[in-house]
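Novice: Mind having a look at this structure? Questions to follow.
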Amino acid sequence: MQFAGRPIGIVPQGMPDGAAILFARPFDMRILPASADDHLKGVVKRIHGIGPARRIEIELVGDQPQRIIEVDASRSQQWSVGQMVSLRPEQYRLFPDRL
């Protein structure tokens, strides 16, 4: 599966060929240091606290128009605004995009 022309390491099991919509809850996404691996890429735009966790807003790289997603992260993880990160959905669903 690809996003913005780059492979993102998601296996589209049972999905027909063509565009798809990826759905993952904020707590089902993992933020990783930016790497050359096949993951979604993004830039940290905002960090705010929610109890023992943080909600991090990330602008996906290569998406037009601009798309910002929210990801939950532990306070022990150190991220900063402007930092490039990789994203990996731990649990997700794919839906055919019926444009």
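Letters A, B, ... mark the chains of the structure tokens in the order given; residue numbers begin at 1 per chain; ligand numbers begin at 1, in order shown.
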Give me the residues near Gly9 (chain A) as a ChimeraX atom specification, where near means some atom within 10 Å (using only C-alpha atoms) and where sequence neighbours in that chain fewer than 5 positions away do not count.

Specialist: /A:1-3,37-40,88-89

Novice: Residues as selected, all heavy atoms, written as an mmCIF file, in the first residue's frame, can you do that?

Specialist:
```cif
data_model
loop_
_atom_site.group_PDB
_atom_site.id
_atom_site.type_symbol
_atom_site.label_atom_id
_atom_site.label_comp_id
_atom_site.auth_asym_id
_atom_site.auth_seq_id
_atom_site.Cartn_x
_atom_site.Cartn_y
_atom_site.Cartn_z
ATOM 1 N N MET A 1 0.847 -1.169 0.000
ATOM 2 C CA MET A 1 0.000 0.000 0.000
ATOM 3 C C MET A 1 0.893 1.232 0.000
ATOM 4 O O MET A 1 1.953 1.240 0.612
ATOM 5 C CB MET A 1 -0.893 -0.032 1.229
ATOM 6 C CG MET A 1 -1.761 1.170 1.377
ATOM 7 S SD MET A 1 -3.100 0.886 2.527
ATOM 8 C CE MET A 1 -4.434 1.067 1.407
ATOM 9 N N GLN A 2 0.435 2.312 -0.657
ATOM 10 C CA GLN A 2 1.212 3.533 -0.772
ATOM 11 C C GLN A 2 0.412 4.742 -0.302
ATOM 12 O O GLN A 2 -0.817 4.737 -0.333
ATOM 13 C CB GLN A 2 1.622 3.778 -2.225
ATOM 14 C CG GLN A 2 2.556 2.751 -2.762
ATOM 15 C CD GLN A 2 3.015 3.107 -4.164
ATOM 16 O OE1 GLN A 2 2.458 3.976 -4.820
ATOM 17 N NE2 GLN A 2 4.044 2.431 -4.621
ATOM 18 N N PHE A 3 1.165 5.761 0.116
ATOM 19 C CA PHE A 3 0.591 7.063 0.440
ATOM 20 C C PHE A 3 1.515 8.106 -0.153
ATOM 21 O O PHE A 3 2.727 8.060 0.073
ATOM 22 C CB PHE A 3 0.476 7.247 1.958
ATOM 23 C CG PHE A 3 -0.062 8.594 2.357
ATOM 24 C CD1 PHE A 3 -1.417 8.848 2.280
ATOM 25 C CD2 PHE A 3 0.788 9.596 2.775
ATOM 26 C CE1 PHE A 3 -1.921 10.085 2.625
ATOM 27 C CE2 PHE A 3 0.301 10.840 3.132
ATOM 28 C CZ PHE A 3 -1.057 11.078 3.049
ATOM 29 N N ASP A 37 12.470 3.656 6.765
ATOM 30 C CA ASP A 37 11.573 2.505 6.691
ATOM 31 C C ASP A 37 10.294 2.874 5.957
ATOM 32 O O ASP A 37 9.969 4.031 5.765
ATOM 33 C CB ASP A 37 11.216 2.009 8.091
ATOM 34 C CG ASP A 37 12.411 1.417 8.814
ATOM 35 O OD1 ASP A 37 13.498 1.995 8.701
ATOM 36 O OD2 ASP A 37 12.255 0.394 9.469
ATOM 37 N N ASP A 38 9.550 1.847 5.606
ATOM 38 C CA ASP A 38 8.268 2.040 4.925
ATOM 39 C C ASP A 38 7.173 2.352 5.938
ATOM 40 O O ASP A 38 6.455 1.465 6.382
ATOM 41 C CB ASP A 38 7.900 0.785 4.134
ATOM 42 C CG ASP A 38 8.849 0.518 2.993
ATOM 43 O OD1 ASP A 38 9.550 1.456 2.592
ATOM 44 O OD2 ASP A 38 8.891 -0.616 2.515
ATOM 45 N N HIS A 39 7.069 3.602 6.327
ATOM 46 C CA HIS A 39 6.035 4.054 7.255
ATOM 47 C C HIS A 39 5.487 5.377 6.747
ATOM 48 O O HIS A 39 6.089 6.042 5.909
ATOM 49 C CB HIS A 39 6.601 4.267 8.664
ATOM 50 C CG HIS A 39 7.089 3.023 9.330
ATOM 51 N ND1 HIS A 39 6.293 1.945 9.596
ATOM 52 C CD2 HIS A 39 8.315 2.704 9.796
ATOM 53 C CE1 HIS A 39 7.002 1.005 10.198
ATOM 54 N NE2 HIS A 39 8.238 1.440 10.319
ATOM 55 N N LEU A 40 4.342 5.760 7.302
ATOM 56 C CA LEU A 40 3.843 7.111 7.055
ATOM 57 C C LEU A 40 4.835 8.098 7.653
ATOM 58 O O LEU A 40 5.461 7.803 8.677
ATOM 59 C CB LEU A 40 2.481 7.297 7.713
ATOM 60 C CG LEU A 40 1.310 6.571 7.071
ATOM 61 C CD1 LEU A 40 0.125 6.544 8.020
ATOM 62 C CD2 LEU A 40 0.931 7.237 5.768
ATOM 63 N N ARG A 88 3.339 4.339 12.498
ATOM 64 C CA ARG A 88 2.980 2.965 12.160
ATOM 65 C C ARG A 88 1.672 2.610 12.854
ATOM 66 O O ARG A 88 1.600 2.599 14.089
ATOM 67 C CB ARG A 88 4.072 1.999 12.600
ATOM 68 C CG ARG A 88 3.746 0.561 12.211
ATOM 69 C CD ARG A 88 4.837 -0.395 12.603
ATOM 70 N NE ARG A 88 4.886 -0.480 14.052
ATOM 71 C CZ ARG A 88 5.981 -0.728 14.750
ATOM 72 N NH1 ARG A 88 7.131 -0.873 14.144
ATOM 73 N NH2 ARG A 88 5.945 -0.814 16.052
ATOM 74 N N PRO A 89 0.634 2.321 12.099
ATOM 75 C CA PRO A 89 -0.608 1.882 12.739
ATOM 76 C C PRO A 89 -0.431 0.478 13.314
ATOM 77 O O PRO A 89 0.046 -0.407 12.621
ATOM 78 C CB PRO A 89 -1.640 1.899 11.620
ATOM 79 C CG PRO A 89 -0.900 2.088 10.355
ATOM 80 C CD PRO A 89 0.512 2.448 10.669
#
```

Novice: Neighbouring residues of Asp97 (chain A) were defined as those with any atom within 9 Å, considering only C-alpha atoms; residues of the same chain fewer than 2 positions away were excluded. Please report them as a ChimeraX atom specification.

Specialist: /A:18-21,95,99

Novice: How would the residues just picked look written out with C-alpha atoms as a compact mmCIF listing (two decimals), in the first residue's frame?

Specialist:
```txt
# COMPACT_ATOMS: atom_id res chain seq x y z
CA GLY A 18 -7.33 1.00 -5.95
CA ALA A 19 -7.60 3.86 -3.49
CA ALA A 20 -8.45 3.14 0.14
CA ILE A 21 -9.13 5.01 3.38
CA PHE A 95 -12.08 0.83 3.48
CA LEU A 99 -14.70 8.54 -5.16
```

Novice: For CA of Ser80 (chain A) and CA of Pro26 (chain A), determine how far apart the two atoms are, in Å to one decimal place.

Specialist: 17.8 Å

Novice: With distances taken over only C-alpha atoms, which of A:Met15, A:Met29, A:Val44, A:Ile10 is nearest to Leu60 (chain A)?

Specialist: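 Between A:Met15, A:Met29, A:Val44, A:Ile10, the residue approaching Leu60 (chain A) most closely is A:Val44.
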
Novice: Taking 3 positions as the minimum chain separation for residues in the same chain, which residues sit within 9 Å of Tyr92 (chain A) when counting only C-alpha atoms? Answer as a ChimeraX atom specification.

Specialist: /A:22-25,28-29,89

Novice: Restricting it to N, CA, C and O atoms, dump the selection as an mmCIF file, in the first residue's frame.

Specialist:
```cif
data_model
loop_
_atom_site.group_PDB
_atom_site.id
_atom_site.type_symbol
_atom_site.label_atom_id
_atom_site.label_comp_id
_atom_site.auth_asym_id
_atom_site.auth_seq_id
_atom_site.Cartn_x
_atom_site.Cartn_y
_atom_site.Cartn_z
ATOM 1 N N LEU A 22 -7.616 4.714 5.237
ATOM 2 C CA LEU A 22 -7.046 4.059 6.412
ATOM 3 C C LEU A 22 -7.691 4.649 7.656
ATOM 4 O O LEU A 22 -7.716 5.862 7.824
ATOM 5 N N PHE A 23 -8.222 3.793 8.524
ATOM 6 C CA PHE A 23 -8.801 4.239 9.781
ATOM 7 C C PHE A 23 -8.031 3.593 10.923
ATOM 8 O O PHE A 23 -7.889 2.370 10.977
ATOM 9 N N ALA A 24 -7.512 4.436 11.835
ATOM 10 C CA ALA A 24 -6.842 3.959 13.047
ATOM 11 C C ALA A 24 -7.151 4.947 14.166
ATOM 12 O O ALA A 24 -7.150 6.155 13.953
ATOM 13 N N ARG A 25 -7.420 4.427 15.339
ATOM 14 C CA ARG A 25 -7.684 5.297 16.483
ATOM 15 C C ARG A 25 -6.372 5.921 16.971
ATOM 16 O O ARG A 25 -5.302 5.341 16.772
ATOM 17 N N ASP A 28 -4.013 3.684 18.668
ATOM 18 C CA ASP A 28 -3.550 2.538 17.887
ATOM 19 C C ASP A 28 -2.425 2.897 16.920
ATOM 20 O O ASP A 28 -2.017 2.080 16.109
ATOM 21 N N MET A 29 -1.939 4.140 16.990
ATOM 22 C CA MET A 29 -0.824 4.562 16.151
ATOM 23 C C MET A 29 0.437 4.639 17.002
ATOM 24 O O MET A 29 0.391 5.088 18.141
ATOM 25 N N PRO A 89 0.634 2.321 12.099
ATOM 26 C CA PRO A 89 -0.608 1.882 12.739
ATOM 27 C C PRO A 89 -0.431 0.478 13.314
ATOM 28 O O PRO A 89 0.046 -0.407 12.621
#
```
